[in-house]
>>> print(open('target-v1.txt').read())   # compact mmCIF, C-alpha atoms and all ligand atoms
# COMPACT_ATOMS: atom_id res chain seq x y z
CA MET P 1132 -8.49 6.14 4.24
CA ASP P 1133 -9.35 9.81 3.93
CA GLU P 1134 -11.26 10.82 7.02
CA THR P 1135 -12.61 14.02 5.49
CA ARG P 1136 -14.60 12.72 2.56
CA ASP P 1137 -17.35 10.31 3.42
CA LEU P 1138 -20.24 10.24 5.79
CA PHE P 1139 -18.91 7.41 7.92
CA HIS P 1140 -15.76 9.37 8.67
CA ARG P 1141 -17.70 12.48 9.67
CA LEU P 1142 -19.71 10.54 12.23
CA PRO P 1143 -18.06 9.61 15.57
CA VAL P 1144 -17.42 6.22 14.02
CA LYS P 1145 -14.38 5.41 16.12
CA GLN P 1146 -16.46 5.64 19.30
CA VAL P 1147 -19.77 4.30 18.05
CA LEU P 1148 -18.88 1.48 15.69
CA PRO P 1149 -16.91 -0.72 18.15
CA ARG P 1150 -19.88 -0.59 20.56
CA LEU P 1151 -22.33 -1.44 17.81
CA LEU P 1152 -20.17 -4.34 16.68
CA ARG P 1153 -19.87 -5.67 20.24
CA LEU P 1154 -23.63 -5.39 20.73
CA ALA P 1155 -24.17 -7.27 17.50
CA GLY P 1156 -21.65 -9.93 18.51
CA LEU P 1157 -19.50 -9.09 15.47
CA ALA P 1158 -16.41 -7.53 17.04
CA ASP P 1159 -14.46 -10.78 17.50
CA ARG P 1160 -15.27 -11.99 14.02
CA GLY P 1161 -14.26 -8.63 12.54
CA LEU P 1162 -10.94 -8.78 14.38
CA ARG P 1163 -10.29 -12.33 13.14
CA ASN P 1164 -11.10 -11.19 9.61
CA ALA P 1165 -8.64 -8.31 9.96
CA LEU P 1166 -5.85 -10.77 10.73
CA ASP P 1167 -6.79 -13.19 7.94
CA LEU P 1168 -4.17 -12.10 5.43
CA GLN P 1169 -4.53 -13.10 1.81
CA VAL P 1170 -1.56 -13.41 -0.54
CA THR P 1171 -2.75 -12.08 -3.91
CA ARG P 1172 -0.79 -12.77 -7.07
CA ASN P 1173 -1.04 -10.16 -9.82
CA ARG P 1174 0.62 -10.06 -13.22
CA LEU P 1175 1.81 -6.68 -14.45
CA ALA P 1176 2.00 -7.04 -18.23
CA VAL P 1177 4.31 -4.11 -18.80
CA LEU P 1178 7.40 -5.58 -20.48
CA PRO P 1179 8.36 -5.83 -24.13
CA PRO P 1180 8.53 -9.44 -25.33
CA GLY P 1181 11.83 -11.07 -24.45
CA SER P 1182 12.66 -8.68 -21.60
CA ARG P 1183 15.04 -10.19 -19.06
CA LEU P 1184 12.94 -8.54 -16.36
CA SER P 1185 10.20 -11.09 -17.04
CA GLY P 1186 9.49 -12.98 -13.83
CA CYS P 1187 10.82 -10.23 -11.58
CA THR P 1188 8.54 -10.20 -8.56
CA ILE P 1189 7.56 -7.30 -6.32
CA LEU P 1190 6.22 -7.79 -2.81
CA HIS P 1191 3.73 -4.96 -2.22
CA LEU P 1192 2.62 -4.08 1.30
CA SER P 1193 0.41 -1.09 2.00
CA ASP P 1194 -1.41 0.61 4.86
CA LEU P 1195 0.25 -1.29 7.68
CA HIS P 1196 -1.01 1.08 10.42
CA LEU P 1197 1.14 -1.04 12.70
CA GLU P 1198 1.08 0.92 15.93
CA HIS P 1199 -2.69 0.62 15.84
CA PHE P 1200 -2.52 -3.13 15.18
CA PRO P 1201 0.76 -4.70 16.39
CA GLU P 1202 -0.61 -8.26 16.07
CA LEU P 1203 -0.18 -7.85 12.32
CA ILE P 1204 3.62 -7.92 12.58
CA GLY P 1205 3.60 -11.64 13.39
CA ALA P 1206 0.85 -12.35 10.87
CA VAL P 1207 2.70 -10.60 8.02
CA THR P 1208 6.03 -12.16 9.01
CA ALA P 1209 4.47 -15.64 8.83
CA ALA P 1210 2.69 -14.91 5.55
CA ILE P 1211 5.76 -13.63 3.71
CA ALA P 1212 8.21 -16.25 5.05
CA PRO P 1213 7.60 -18.76 2.21
CA LEU P 1214 7.41 -16.13 -0.54
CA ARG P 1215 10.15 -15.36 -3.06
CA TYR P 1216 10.46 -11.80 -4.37
CA ASP P 1217 13.09 -9.48 -5.81
CA MET P 1218 12.12 -6.32 -3.97
CA CYS P 1219 9.58 -5.02 -1.51
CA LEU P 1220 7.57 -1.84 -2.03
CA LEU P 1221 5.74 -0.23 0.89
CA THR P 1222 3.07 2.22 -0.27
CA GLY P 1223 2.54 4.27 2.86
CA ASP P 1224 0.47 4.56 6.03
CA PHE P 1225 2.88 2.92 8.44
CA ALA P 1226 1.27 4.70 11.36
CA PHE P 1227 -2.32 5.36 12.31
CA ARG P 1228 -1.93 8.54 14.37
CA HIS P 1229 0.19 11.30 12.86
CA ASN P 1230 1.90 12.11 16.14
CA VAL P 1231 2.97 8.52 16.82
CA VAL P 1232 6.49 7.98 15.56
CA ASP P 1233 8.38 5.60 17.83
CA ALA P 1234 5.76 2.84 17.95
CA ALA P 1235 5.25 2.95 14.18
CA VAL P 1236 8.99 2.92 13.54
CA ASP P 1237 9.55 0.02 15.95
CA GLY P 1238 6.83 -2.04 14.27
CA VAL P 1239 8.06 -1.39 10.74
CA ARG P 1240 11.66 -2.07 11.78
CA GLU P 1241 10.61 -5.42 13.24
CA LEU P 1242 8.68 -6.31 10.10
CA HIS P 1243 11.54 -5.18 7.87
CA GLU P 1244 13.82 -7.74 9.51
CA ALA P 1245 11.60 -10.43 7.96
CA ILE P 1246 11.81 -8.91 4.45
CA THR P 1247 14.54 -10.57 2.43
CA ALA P 1248 14.97 -8.09 -0.46
CA PRO P 1249 15.76 -4.42 -1.02
CA THR P 1250 12.90 -2.32 0.31
CA TYR P 1251 11.59 1.02 -0.97
CA ALA P 1252 8.79 3.10 0.53
CA ILE P 1253 6.66 6.19 0.21
CA LEU P 1254 4.78 8.18 2.85
CA GLY P 1255 1.00 8.01 3.34
CA ASN P 1256 -1.50 10.48 4.72
CA HIS P 1257 -1.12 9.06 8.26
CA ASP P 1258 2.69 9.31 8.28
CA SER P 1259 4.88 11.95 9.87
CA ILE P 1260 8.08 12.67 7.98
CA ARG P 1261 9.83 11.96 11.29
CA ILE P 1262 9.54 8.23 10.59
CA VAL P 1263 11.88 8.55 7.60
CA PRO P 1264 15.34 8.98 9.20
CA PRO P 1265 15.09 6.00 11.58
CA LEU P 1266 13.57 3.75 8.91
CA GLU P 1267 16.21 4.77 6.36
CA ARG P 1268 18.86 3.92 8.95
CA ALA P 1269 17.18 0.50 9.19
CA GLY P 1270 17.66 0.06 5.44
CA ILE P 1271 14.34 1.19 3.91
CA ARG P 1272 14.86 3.70 1.11
CA PHE P 1273 12.10 6.33 0.97
CA LEU P 1274 11.20 7.97 -2.34
CA ILE P 1275 9.73 11.39 -1.58
CA ASN P 1276 9.06 12.98 -4.95
CA GLU P 1277 12.14 11.27 -6.34
CA HIS P 1278 13.23 8.23 -8.29
CA VAL P 1279 15.94 5.60 -8.28
CA ARG P 1280 17.21 3.08 -10.76
CA VAL P 1281 16.56 -0.35 -9.28
CA GLU P 1282 18.96 -3.12 -10.22
CA THR P 1283 17.72 -6.69 -10.37
CA SER P 1284 19.28 -9.89 -11.67
CA GLY P 1285 17.18 -9.42 -14.86
CA GLY P 1286 18.17 -5.81 -15.44
CA ALA P 1287 17.32 -2.35 -14.17
CA PHE P 1288 14.17 -0.24 -14.16
CA LEU P 1289 13.04 3.14 -12.91
CA LEU P 1290 11.18 3.29 -9.62
CA ALA P 1291 9.57 6.59 -8.64
CA GLY P 1292 7.63 7.61 -5.55
CA VAL P 1293 5.55 10.66 -4.75
CA ASP P 1294 4.84 12.22 -1.37
CA ASP P 1295 1.34 12.10 0.16
CA CYS P 1296 -1.36 13.72 -1.94
CA VAL P 1297 -4.23 13.35 0.57
CA HIS P 1298 -3.41 14.99 3.92
CA TYR P 1299 -0.13 16.81 3.36
CA ARG P 1300 -0.85 17.48 -0.34
CA ALA P 1301 2.86 17.30 -1.04
CA SER P 1302 2.93 15.02 -4.07
CA ASN P 1303 4.88 16.30 -7.04
CA LEU P 1304 5.09 13.87 -9.94
CA GLU P 1305 7.09 16.26 -12.09
CA ARG P 1306 9.79 16.52 -9.45
CA ALA P 1307 9.71 12.78 -8.87
CA LEU P 1308 10.50 12.12 -12.52
CA GLU P 1309 12.85 15.07 -13.08
CA GLY P 1310 15.91 13.93 -15.01
CA ALA P 1311 14.61 10.38 -15.26
CA ASP P 1312 15.40 8.24 -18.27
CA GLN P 1313 11.96 6.75 -19.02
CA ASP P 1314 12.98 4.74 -22.06
CA GLY P 1315 12.61 1.48 -20.15
CA LEU P 1316 10.13 0.29 -17.55
CA THR P 1317 8.85 2.86 -15.03
CA VAL P 1318 7.05 1.84 -11.85
CA LEU P 1319 5.37 4.58 -9.81
CA MET P 1320 4.34 4.39 -6.16
CA ASN P 1321 1.69 6.78 -4.88
CA HIS P 1322 -0.13 6.19 -1.58
CA ALA P 1323 -3.55 7.23 -2.91
CA HIS P 1324 -4.79 7.20 -6.44
CA VAL P 1325 -4.80 10.48 -8.30
CA GLU P 1326 -5.27 10.92 -11.99
CA TYR P 1327 -1.75 10.50 -13.31
CA ARG P 1328 -2.64 9.27 -16.78
CA GLU P 1329 0.15 7.27 -18.36
CA ALA P 1330 2.68 8.59 -15.85
CA ALA P 1331 4.34 5.21 -15.70
CA ASP P 1332 3.99 1.68 -17.00
CA ALA P 1333 2.87 0.37 -13.61
CA TYR P 1334 1.21 2.32 -10.80
CA LEU P 1335 1.03 0.84 -7.30
CA THR P 1336 -1.17 2.39 -4.67
CA GLY P 1337 -3.24 1.68 -1.54
CA HIS P 1338 -5.06 3.96 0.91
CA THR P 1339 -8.62 2.71 0.31
CA HIS P 1340 -8.32 -0.51 2.37
CA GLY P 1341 -10.62 -1.87 -0.32
CA GLY P 1342 -13.41 -0.35 1.74
CA GLN P 1343 -12.42 -2.41 4.84
CA ILE P 1344 -16.07 -2.93 5.82
CA CYS P 1345 -17.94 -4.25 2.83
CA LEU P 1346 -21.19 -5.89 1.96
CA PRO P 1347 -21.05 -9.49 0.72
CA GLY P 1348 -19.30 -9.51 -2.62
CA GLY P 1349 -16.81 -6.90 -1.47
CA ILE P 1350 -19.07 -3.91 -2.10
CA PRO P 1351 -17.63 -1.12 0.09
CA ILE P 1352 -19.85 0.84 2.43
CA MET P 1353 -16.91 2.89 3.75
CA SER P 1354 -14.67 4.11 0.99
CA ASN P 1355 -12.61 6.98 -0.23
CA ALA P 1356 -15.18 8.85 -2.27
CA SER P 1357 -12.52 10.62 -4.34
CA ALA P 1358 -11.60 7.37 -6.06
CA PRO P 1359 -13.89 5.87 -8.69
CA ARG P 1360 -15.30 2.48 -7.68
CA ARG P 1361 -13.09 0.59 -10.15
CA LEU P 1362 -9.98 1.95 -8.40
CA ILE P 1363 -10.97 0.96 -4.85
CA SER P 1364 -9.21 -2.39 -4.96
CA GLY P 1365 -7.35 -4.71 -7.25
CA ALA P 1366 -5.98 -4.39 -10.76
CA TRP P 1367 -7.04 -1.64 -13.11
CA ARG P 1368 -5.84 -0.03 -16.29
CA CYS P 1369 -5.59 3.59 -17.43
CA VAL P 1370 -4.90 3.62 -21.18
CA ALA P 1371 -1.59 1.73 -21.34
CA MET P 1372 -0.74 2.12 -17.66
CA GLN P 1373 -1.41 -0.87 -15.41
CA GLY P 1374 -2.43 -0.06 -11.86
CA TYR P 1375 -3.06 -1.94 -8.69
CA THR P 1376 -4.83 -0.66 -5.57
CA SER P 1377 -3.96 -2.82 -2.58
CA ARG P 1378 -6.66 -3.51 0.00
CA GLY P 1379 -3.83 -3.02 2.49
CA VAL P 1380 -2.59 -4.98 5.45
CA GLY P 1381 -3.90 -2.97 8.38
CA ALA P 1382 -7.18 -1.48 9.45
CA SER P 1383 -8.04 2.10 10.21
CA MET P 1384 -10.53 3.62 12.65
CA VAL P 1385 -11.71 0.24 13.95
CA ARG P 1386 -9.71 -2.99 14.04
CA VAL P 1387 -12.20 -4.99 12.00
CA ARG P 1388 -12.78 -6.07 8.43
CA PHE P 1389 -15.85 -7.56 6.82
CA ASN P 1390 -16.02 -9.09 3.34
CA CYS P 1391 -12.67 -7.47 2.56
CA ARG P 1392 -9.60 -9.48 3.54
CA PRO P 1393 -6.32 -7.71 4.20
CA GLU P 1394 -3.83 -8.49 1.48
CA ILE P 1395 -0.18 -8.92 0.64
CA VAL P 1396 0.37 -8.64 -3.10
CA LEU P 1397 3.01 -10.33 -5.24
CA HIS P 1398 3.27 -8.57 -8.58
CA GLU P 1399 5.06 -10.49 -11.32
CA LEU P 1400 6.43 -8.50 -14.25
CA VAL P 1401 5.51 -10.17 -17.53
CA ALA P 1402 5.39 -9.33 -21.24
CA ARG P 1403 2.54 -7.22 -22.62
FE FE L 1501 -4.06 6.24 3.71
>>> encode(input="target-v1.txt", output="structure tokens", more="lines below")
Ligand SMILES: [Fe+2]
Amino acid sequence: MDETRDLFHRLPVKQVLPRLLRLAGLADRGLRNALDLQVTRNRLAVLPPGSRLSGCTILHLSDLHLEHFPELIGAVTAAIAPLRYDMCLLTGDFAFRHNVVDAAVDGVRELHEAITAPTYAILGNHDSIRIVPPLERAGIRFLINEHVRVETSGGAFLLAGVDDCVHYRASNLERALEGADQDGLTVLMNHAHVEYREAADAYLTGHTHGGQICLPGGIPIMSNASAPRRLISGAWRCVAMQGYTSRGVGASMVRVRFNCRPEIVLHELVAR
């Protein structure tokens, strides 16, 4: 989440909130909640009728923040073991602290060993670019304002990724799509939502953690104020573009979640 925008992030929340939660007897429950991964299934209705890409499935993991929460490696590994998917997309925030590289890389490398399909990634606002070379050597392809043509058994489509738009302000959609043939399906990864109207057919993002600490009913009390409420979690639509904001896997600031389970998303491509 963006530490600069809301009141909770301007307060010394990292120091104060854990103490408050312990005093209230809620710390253990919050930690259990933060490990209680949900597998969410989402249909992306972005294909023309009869497309051979129908049924292609994308495993979407976001906001791992693994060095801050290494217990999640085992939890994610167990959760994805029975799943079938054609590719894995990682939408940023591998680390929690910008200056931590080795621990974040080690965690992602370990998790990547459990992923059984080609894996593509973008950087988030917590990520140093220094994580890219070792993770690319491990087989994760980063898209930093660039695109690739992804081959699947049902055909190919265009996958684009932009750099972080929150902390490093380095996103460049124009460069990411430069020279791209957008006649077919285009899927765009961006760590945090920005207003890219109709930039792609499908738009996958994260960053908000769905609020992470929510009131009953999933109403966020900590959120990224730059994103409209409807974009804080789950599926959304912008004209013809279908979007999905993942609640993320990890937790930031404090290792707790309330009324906002961490999620692993399986997106199935289907006809419009
Ligand atoms: Fe983020």
>>> closest_residue(input="target-v1.txt", among="P:Thr1247, P:Asn1164, P:Asn1256, P:Asn1173", to="ligand FE 1501 (chain L)", atoms="all atoms listed in the file")
P:Asn1256
>>> atom_distance(input="target-v1.txt", atom1="atom CA of Asn1303 of chain P", atom2="atom CA of Arg1328 of chain P")
14.2 Å
>>> closest_residue(input="target-v1.txt", among="P:Leu1319, P:Ala1333, P:Leu1195, P:Leu1304", to="Gly1381 of chain P", atoms="all atoms listed in the file")
P:Leu1195
>>> closest_residue(input="target-v1.txt", among="P:Asp1294, P:Asp1224, P:Glu1309, P:Glu1399", to="ligand FE 1501 (chain L)", atoms="only C-alpha atoms and all ligand atoms")
P:Asp1224
>>> residues_near_point(input="target-v1.txt", point="(-17.3, -8.2, 0.1)", cutoff="7 Å", atoms="only C-alpha atoms", output="list in words")
Cys1345, Leu1346, Pro1347, Gly1348, Gly1349, Ile1350, Phe1389, Asn1390 and Cys1391 of chain P
>>> closest_atom_pairs(input="target-v1.txt", of="chain P", to="ligand FE 1501 (chain L)", cutoff="10 Å", atoms="only C-alpha atoms and all ligand atoms", output="JSON lines")
{"residue": "P:Met1132", "atom": "CA", "partner": "L:FE1501", "partner_atom": "FE", "distance": 4.5}
{"residue": "P:Asp1133", "atom": "CA", "partner": "L:FE1501", "partner_atom": "FE", "distance": 6.4}
{"residue": "P:Glu1134", "atom": "CA", "partner": "L:FE1501", "partner_atom": "FE", "distance": 9.2}
{"residue": "P:Ser1193", "atom": "CA", "partner": "L:FE1501", "partner_atom": "FE", "distance": 8.8}
{"residue": "P:Asp1194", "atom": "CA", "partner": "L:FE1501", "partner_atom": "FE", "distance": 6.3}
{"residue": "P:Leu1195", "atom": "CA", "partner": "L:FE1501", "partner_atom": "FE", "distance": 9.5}
{"residue": "P:His1196", "atom": "CA", "partner": "L:FE1501", "partner_atom": "FE", "distance": 9.0}
{"residue": "P:Thr1222", "atom": "CA", "partner": "L:FE1501", "partner_atom": "FE", "distance": 9.1}
{"residue": "P:Gly1223", "atom": "CA", "partner": "L:FE1501", "partner_atom": "FE", "distance": 6.9}
{"residue": "P:Asp1224", "atom": "CA", "partner": "L:FE1501", "partner_atom": "FE", "distance": 5.4}
{"residue": "P:Phe1225", "atom": "CA", "partner": "L:FE1501", "partner_atom": "FE", "distance": 9.0}
{"residue": "P:Ala1226", "atom": "CA", "partner": "L:FE1501", "partner_atom": "FE", "distance": 9.5}
{"residue": "P:Phe1227", "atom": "CA", "partner": "L:FE1501", "partner_atom": "FE", "distance": 8.8}
{"residue": "P:Leu1254", "atom": "CA", "partner": "L:FE1501", "partner_atom": "FE", "distance": 9.1}
{"residue": "P:Gly1255", "atom": "CA", "partner": "L:FE1501", "partner_atom": "FE", "distance": 5.4}
{"residue": "P:Asn1256", "atom": "CA", "partner": "L:FE1501", "partner_atom": "FE", "distance": 5.1}
{"residue": "P:His1257", "atom": "CA", "partner": "L:FE1501", "partner_atom": "FE", "distance": 6.1}
{"residue": "P:Asp1258", "atom": "CA", "partner": "L:FE1501", "partner_atom": "FE", "distance": 8.7}
{"residue": "P:Asp1295", "atom": "CA", "partner": "L:FE1501", "partner_atom": "FE", "distance": 8.7}
{"residue": "P:Cys1296", "atom": "CA", "partner": "L:FE1501", "partner_atom": "FE", "distance": 9.8}
{"residue": "P:Val1297", "atom": "CA", "partner": "L:FE1501", "partner_atom": "FE", "distance": 7.8}
{"residue": "P:His1298", "atom": "CA", "partner": "L:FE1501", "partner_atom": "FE", "distance": 8.8}
{"residue": "P:His1322", "atom": "CA", "partner": "L:FE1501", "partner_atom": "FE", "distance": 6.6}
{"residue": "P:Ala1323", "atom": "CA", "partner": "L:FE1501", "partner_atom": "FE", "distance": 6.7}
{"residue": "P:Thr1336", "atom": "CA", "partner": "L:FE1501", "partner_atom": "FE", "distance": 9.7}
{"residue": "P:Gly1337", "atom": "CA", "partner": "L:FE1501", "partner_atom": "FE", "distance": 7.0}
{"residue": "P:His1338", "atom": "CA", "partner": "L:FE1501", "partner_atom": "FE", "distance": 3.7}
{"residue": "P:Thr1339", "atom": "CA", "partner": "L:FE1501", "partner_atom": "FE", "distance": 6.7}
{"residue": "P:His1340", "atom": "CA", "partner": "L:FE1501", "partner_atom": "FE", "distance": 8.1}
{"residue": "P:Asn1355", "atom": "CA", "partner": "L:FE1501", "partner_atom": "FE", "distance": 9.4}
{"residue": "P:Gly1379", "atom": "CA", "partner": "L:FE1501", "partner_atom": "FE", "distance": 9.3}
{"residue": "P:Ser1383", "atom": "CA", "partner": "L:FE1501", "partner_atom": "FE", "distance": 8.7}
>>> residues_around(input="target-v1.txt", residues="Glu1198 of chain P", least_positions_apart="4", cutoff="10 Å", atoms="all atoms listed in the file", output="list in words")
Glu1202, Leu1203, Ile1204, Phe1225, Ala1226, Phe1227, Arg1228, Val1231, Val1232, Asp1233, Ala1234, Ala1235, Val1236, Asp1237, Gly1238, Val1239 and Gly1381 of chain P
>>> residues_around(input="target-v1.txt", residues="Ala1307 of chain P", least_positions_apart="2", cutoff="9 Å", atoms="only C-alpha atoms", output="PyMOL selection string")
chain P and resi 1274-1278+1291-1294+1302-1305+1309-1311
>>> atom_distance(input="target-v1.txt", atom1="atom CA of Val1385 of chain P", atom2="atom CA of Glu1326 of chain P")
28.8 Å
>>> closest_residue(input="target-v1.txt", among="P:Ile1262, P:Leu1154, P:Leu1397, P:Ala1176", to="Asp1217 of chain P", atoms="all atoms listed in the file")
P:Leu1397
>>> closest_atom_pairs(input="target-v1.txt", of="segment 1266-1353 of chain P", to="segment 1182-1190 of chain P", cutoff="12 Å", atoms="only C-alpha atoms", output="Markdown table")
| residue | atom | partner | partner_atom | distance |
| --- | --- | --- | --- | --- |
| P:Val1281 | CA | P:Leu1184 | CA | 11.4 |
| P:Glu1282 | CA | P:Leu1184 | CA | 10.2 |
| P:Thr1283 | CA | P:Cys1187 | CA | 7.8 |
| P:Ser1284 | CA | P:Leu1184 | CA | 8.0 |
| P:Gly1285 | CA | P:Leu1184 | CA | 4.6 |
| P:Gly1286 | CA | P:Leu1184 | CA | 6.0 |
| P:Ala1287 | CA | P:Leu1184 | CA | 7.9 |
| P:Phe1288 | CA | P:Leu1184 | CA | 8.7 |
| P:Leu1290 | CA | P:Ile1189 | CA | 11.7 |
| P:Gly1315 | CA | P:Ser1182 | CA | 10.3 |
| P:Leu1316 | CA | P:Leu1184 | CA | 9.3 |
| P:Val1318 | CA | P:Ile1189 | CA | 10.7 |
| P:Ala1333 | CA | P:Ile1189 | CA | 11.6 |
| P:Leu1335 | CA | P:Ile1189 | CA | 10.5 |
>>> closest_residue(input="target-v1.txt", among="P:Thr1250, P:Ser1259, P:Thr1376, P:Asn1230", to="Val1325 of chain P", atoms="all atoms listed in the file")
P:Thr1376
>>> residues_near_point(input="target-v1.txt", point="(-8.6, -7.1, 3.6)", cutoff="9 Å", atoms="all atoms listed in the file", output="list in words")
Asn1164, Ala1165, Leu1166, Asp1167, Leu1168, Gln1169, His1340, Gly1341, Gly1342, Gln1343, Ile1344, Ser1377, Arg1378, Gly1379, Val1380, Gly1381, Ala1382, Arg1388, Phe1389, Asn1390, Cys1391, Arg1392, Pro1393 and Glu1394 of chain P
>>> atom_distance(input="target-v1.txt", atom1="atom CA of Pro1201 of chain P", atom2="atom CA of Arg1386 of chain P")
10.9 Å
>>> closest_residue(input="target-v1.txt", among="P:Arg1240, P:Arg1360, P:Arg1280, P:His1229", to="Pro1264 of chain P", atoms="only C-alpha atoms")
P:Arg1240
>>> residues_around(input="target-v1.txt", residues="Arg1368 of chain P", least_positions_apart="2", cutoff="12 Å", atoms="all atoms listed in the file", output="compact mmCIF listing (two decimals) with C-alpha atoms, in the frame of the given file")
# COMPACT_ATOMS: atom_id res chain seq x y z
CA LEU P 1175 1.81 -6.68 -14.45
CA ALA P 1176 2.00 -7.04 -18.23
CA VAL P 1177 4.31 -4.11 -18.80
CA GLU P 1326 -5.27 10.92 -11.99
CA TYR P 1327 -1.75 10.50 -13.31
CA ARG P 1328 -2.64 9.27 -16.78
CA GLU P 1329 0.15 7.27 -18.36
CA ALA P 1331 4.34 5.21 -15.70
CA ASP P 1332 3.99 1.68 -17.00
CA ALA P 1333 2.87 0.37 -13.61
CA TYR P 1334 1.21 2.32 -10.80
CA LEU P 1335 1.03 0.84 -7.30
CA ARG P 1361 -13.09 0.59 -10.15
CA LEU P 1362 -9.98 1.95 -8.40
CA GLY P 1365 -7.35 -4.71 -7.25
CA ALA P 1366 -5.98 -4.39 -10.76
CA VAL P 1370 -4.90 3.62 -21.18
CA ALA P 1371 -1.59 1.73 -21.34
CA MET P 1372 -0.74 2.12 -17.66
CA GLN P 1373 -1.41 -0.87 -15.41
CA GLY P 1374 -2.43 -0.06 -11.86
CA TYR P 1375 -3.06 -1.94 -8.69
CA THR P 1376 -4.83 -0.66 -5.57
>>> residues_around(input="target-v1.txt", residues="Thr1208 of chain P", least_positions_apart="4", cutoff="10 Å", atoms="only C-alpha atoms", output="list in words")
Leu1203, Ile1204, Ala1212, Pro1213, Glu1241, Leu1242, His1243, Glu1244, Ala1245 and Ile1246 of chain P
>>> write_last_selection(input="target-v1.txt", atoms="C-alpha atoms", output="CSV table (one decimal), keeping the file's coordinate frame")
chain,number,residue,atom,x,y,z
P,1203,LEU,CA,-0.2,-7.8,12.3
P,1204,ILE,CA,3.6,-7.9,12.6
P,1212,ALA,CA,8.2,-16.2,5.0
P,1213,PRO,CA,7.6,-18.8,2.2
P,1241,GLU,CA,10.6,-5.4,13.2
P,1242,LEU,CA,8.7,-6.3,10.1
P,1243,HIS,CA,11.5,-5.2,7.9
P,1244,GLU,CA,13.8,-7.7,9.5
P,1245,ALA,CA,11.6,-10.4,8.0
P,1246,ILE,CA,11.8,-8.9,4.4
>>> build_atoms(input="target-v1.txt", residues="segment 1372-1386 of chain P", atoms="N, CA and C atoms", output="compact mmCIF listing (two decimals), in the frame of the given file")
# COMPACT_ATOMS: atom_id res chain seq x y z
N MET P 1372 -1.34 2.28 -19.00
CA MET P 1372 -0.74 2.12 -17.66
C MET P 1372 -1.51 1.06 -16.85
N GLN P 1373 -0.78 0.15 -16.23
CA GLN P 1373 -1.41 -0.87 -15.41
C GLN P 1373 -1.31 -0.46 -13.95
N GLY P 1374 -2.43 -0.48 -13.26
CA GLY P 1374 -2.43 -0.06 -11.86
C GLY P 1374 -2.89 -1.18 -10.95
N TYR P 1375 -2.54 -1.01 -9.69
CA TYR P 1375 -3.06 -1.94 -8.69
C TYR P 1375 -3.28 -1.18 -7.39
N THR P 1376 -4.50 -1.26 -6.86
CA THR P 1376 -4.83 -0.66 -5.57
C THR P 1376 -4.92 -1.78 -4.54
N SER P 1377 -3.97 -1.78 -3.61
CA SER P 1377 -3.96 -2.82 -2.58
C SER P 1377 -5.06 -2.57 -1.55
N ARG P 1378 -5.69 -3.65 -1.10
CA ARG P 1378 -6.66 -3.51 0.00
C ARG P 1378 -5.94 -3.24 1.32
N GLY P 1379 -4.61 -3.35 1.31
CA GLY P 1379 -3.83 -3.02 2.49
C GLY P 1379 -3.76 -4.16 3.48
N VAL P 1380 -2.83 -3.98 4.40
CA VAL P 1380 -2.59 -4.98 5.45
C VAL P 1380 -3.38 -4.64 6.71
N GLY P 1381 -3.35 -3.38 7.10
CA GLY P 1381 -3.90 -2.97 8.38
C GLY P 1381 -5.36 -2.56 8.29
N ALA P 1382 -5.81 -1.97 9.38
CA ALA P 1382 -7.18 -1.48 9.45
C ALA P 1382 -7.14 -0.09 10.07
N SER P 1383 -8.02 0.78 9.61
CA SER P 1383 -8.04 2.10 10.21
C SER P 1383 -9.37 2.33 10.91
N MET P 1384 -9.36 3.27 11.83
CA MET P 1384 -10.53 3.62 12.65
C MET P 1384 -10.90 2.49 13.62
N VAL P 1385 -11.35 1.37 13.11
CA VAL P 1385 -11.71 0.24 13.95
C VAL P 1385 -10.97 -0.99 13.45
N ARG P 1386 -10.55 -1.83 14.39
CA ARG P 1386 -9.71 -2.99 14.04
C ARG P 1386 -10.59 -4.15 13.58
